[in-house]
4 protein chains.
Amino acid sequence: MSKGEQQWIIPDGYIPPVSSGQLQSHESVCVLNLSQEEVTVTVNVFFEDREPLLGMTAAVPPQRTRHIRTASLNAGGEHIPVGVPYAMEVIGSAPVYVQYSRLDATQAENALMSVMAFPVK
Amino acid sequence: MSKGEQQWIIPDGYIPPVSSGQLQSHESVCVLNLSQEEVTVTVNVFFEDREPLLGMTAAVPPQRTRHIRTASLNAGGEHIPVGVPYAMEVIGSAPVYVQYSRLDATQAENALMSVMAFPVK
Amino acid sequence: MSKGEQQWIIPDGYIPPVSSGQLQSHESVCVLNLSQEEVTVTVNVFFEDREPLLGMTAAVPPQRTRHIRTASLNAGGEHIPVGVPYAMEVIGSAPVYVQYSRLDATQAENALMSVMAFPVK
Amino acid sequence: MSKGEQQWIIPDGYIPPVSSGQLQSHESVCVLNLSQEEVTVTVNVFFEDREPLLGMTAAVPPQRTRHIRTASLNAGGEHIPVGVPYAMEVIGSAPVYVQYSRLDATQAENALMSVMAFPVK
């Protein structure tokens, strides 16, 4: 099996509700699949005051990356709400690598943050 | 017991004293509790030139996240002072995951930073 | 052999296509070589929808750092395209340390992000 | 002995030469000493094209943090030059925790980045 980890944690998720200037506020869950097989990535979302939103999926082809916009994910038509603090668990059907980045364009001049997701071993 | 770690370190804490523009300067200690039990998180604060401020607590329900604003914490009525460099030790009563983020809105256009806290094993 | 790791992963690569203001949008792959020998660093790039771009190299002398601009890398005259999401694998001929930083100067007021690359063991 | 690590690596060091607006461009090496003894921290600096600058030191009292401005360090009167890419090795006389943050105030509206330093085990 390819190297990497199958379970990654991102405690600080947040989709900024406002955008101004040239760019759109967004978050990306960036996944690298170095294996020779397609990997299905499942994103489970945990909130502060409501039940988890589980089982949103995305496919990452072999030897490819996908920079998944969190706002594009859905499970049964349900999306991650904007403007709400949440946390993510990212599970690969095979080992992958995961980084999380956020562009906040609330103000016209942007702010960026990024972390490597935390690998669960 | 659920996976995760019980002791996490954040060496660079700082609550920006000034805000301008649309957003409020703040720091968040983002905790994810994947277990089936409520976890009590204890935050201990260490300064450059005074005694530590120990034993501030917050509860994180099972299968929930909390994005704890550092300015909201207190122990016996004492808060983390703004505009002062400090460091944090975050201890869970059971394993959790911890990320630290800061929004600096000193200037109207914001700056963001984020790190995964350092897990002590 | 010197300490460090030989394989590092950076899932979130992106060269911002626009610059304004005083500074130039760019990414840097920052490599530290603490050994007594020159290390050859090979950068392999993975995309969302095309074949990988493999085998771009840079040399890091002993006891030196190099902050490699991703836009300066090439393999057979081919460069990493701007404005395209990608991911990187960084392989040292001997152990090194790798950090990734991006300056986004799309707007005149800049945004910065940085992560330690993920070490593969 | 207290937990933590004695050797930490920060590959992307850079002191922005310009400041504008309310805040001063700077980097901080943030050290937390959870032990009961003072720890001496030694910072060794590696450049792209000159000999290393070794042996700059700072003291961190027991149960204290220090957010060390890199521009304040010196060894025999020599300082880290501004506007030059470099890398750091941080060595504690006993285990500590280390995070690195940079505020870039080249433009009036600031940019922030932060990483946990990489622990060498």
# chains A, B, ... in the order shown; residues from 1 in each chain; ligands from 1

call {"tool": "interface_residues", "arguments": {"of": "chain C", "to": "chain A", "cutoff": "12 Å", "atoms": "only C-alpha atoms", "output": "PyMOL selection string"}}
result
chain C and resi 7-14+16+18-21+44-54+84-89+99-121

call {"tool": "residues_around", "arguments": {"residues": "Ala94 (chain C)", "least_positions_apart": "4", "cutoff": "9 Å", "atoms": "only C-alpha atoms", "output": "PyMOL selection string"}}
result
chain C and resi 1-2+4-6+33+35+37-41

call {"tool": "select_by_dssp", "arguments": {"residues": "chain A", "states": "strand (DSSP E or B)", "output": "ChimeraX atom specification"}}
result
/A:5-13,26-33,39-47,53-60,64-69,75,78,86-104,111-116,118-120

call {"tool": "atom_distance", "arguments": {"atom1": "CA of Ile80 (chain B)", "atom2": "CA of Gly55 (chain B)"}}
result
11.9 Å

call {"tool": "residues_around", "arguments": {"residues": "Thr42 (chain C)", "least_positions_apart": "5", "cutoff": "9 Å", "atoms": "only C-alpha atoms", "output": "compact mmCIF listing (two decimals) with N, CA and C atoms, in the first residue's frame"}}
result
# COMPACT_ATOMS: atom_id res chain seq x y z
N LEU C 54 7.48 15.41 -13.22
CA LEU C 54 8.43 14.78 -12.29
C LEU C 54 9.86 15.24 -12.55
N GLY C 55 10.67 15.20 -11.49
CA GLY C 55 12.10 15.27 -11.66
C GLY C 55 12.72 16.65 -11.79
N MET C 56 12.05 17.67 -11.22
CA MET C 56 12.71 18.98 -11.17
C MET C 56 13.70 18.96 -10.00
N THR C 57 14.90 19.46 -10.20
CA THR C 57 15.91 19.34 -9.15
C THR C 57 16.55 20.68 -8.77
N ALA C 58 17.07 20.69 -7.55
CA ALA C 58 17.82 21.84 -7.05
C ALA C 58 18.88 21.31 -6.11
N ALA C 59 20.01 21.99 -6.03
CA ALA C 59 21.10 21.56 -5.14
C ALA C 59 21.13 22.43 -3.89
N GLU C 89 5.79 16.57 -3.99
CA GLU C 89 6.60 15.63 -3.23
C GLU C 89 8.04 16.10 -3.34
N VAL C 90 8.71 16.26 -2.21
CA VAL C 90 10.09 16.75 -2.20
C VAL C 90 10.98 15.62 -1.67
N ILE C 91 11.95 15.20 -2.47
CA ILE C 91 12.80 14.08 -2.10
C ILE C 91 14.25 14.54 -2.05
N GLY C 92 14.90 14.32 -0.90
CA GLY C 92 16.31 14.67 -0.78
C GLY C 92 17.19 13.44 -1.02
N SER C 93 18.35 13.68 -1.61
CA SER C 93 19.31 12.57 -1.78
C SER C 93 19.89 12.16 -0.43

call {"tool": "atom_distance", "arguments": {"atom1": "CA of Leu73 (chain A)", "atom2": "CA of His26 (chain B)"}}
result
28.2 Å

call {"tool": "atom_distance", "arguments": {"atom1": "CA of Gln36 (chain A)", "atom2": "CA of His79 (chain C)"}}
result
24.1 Å
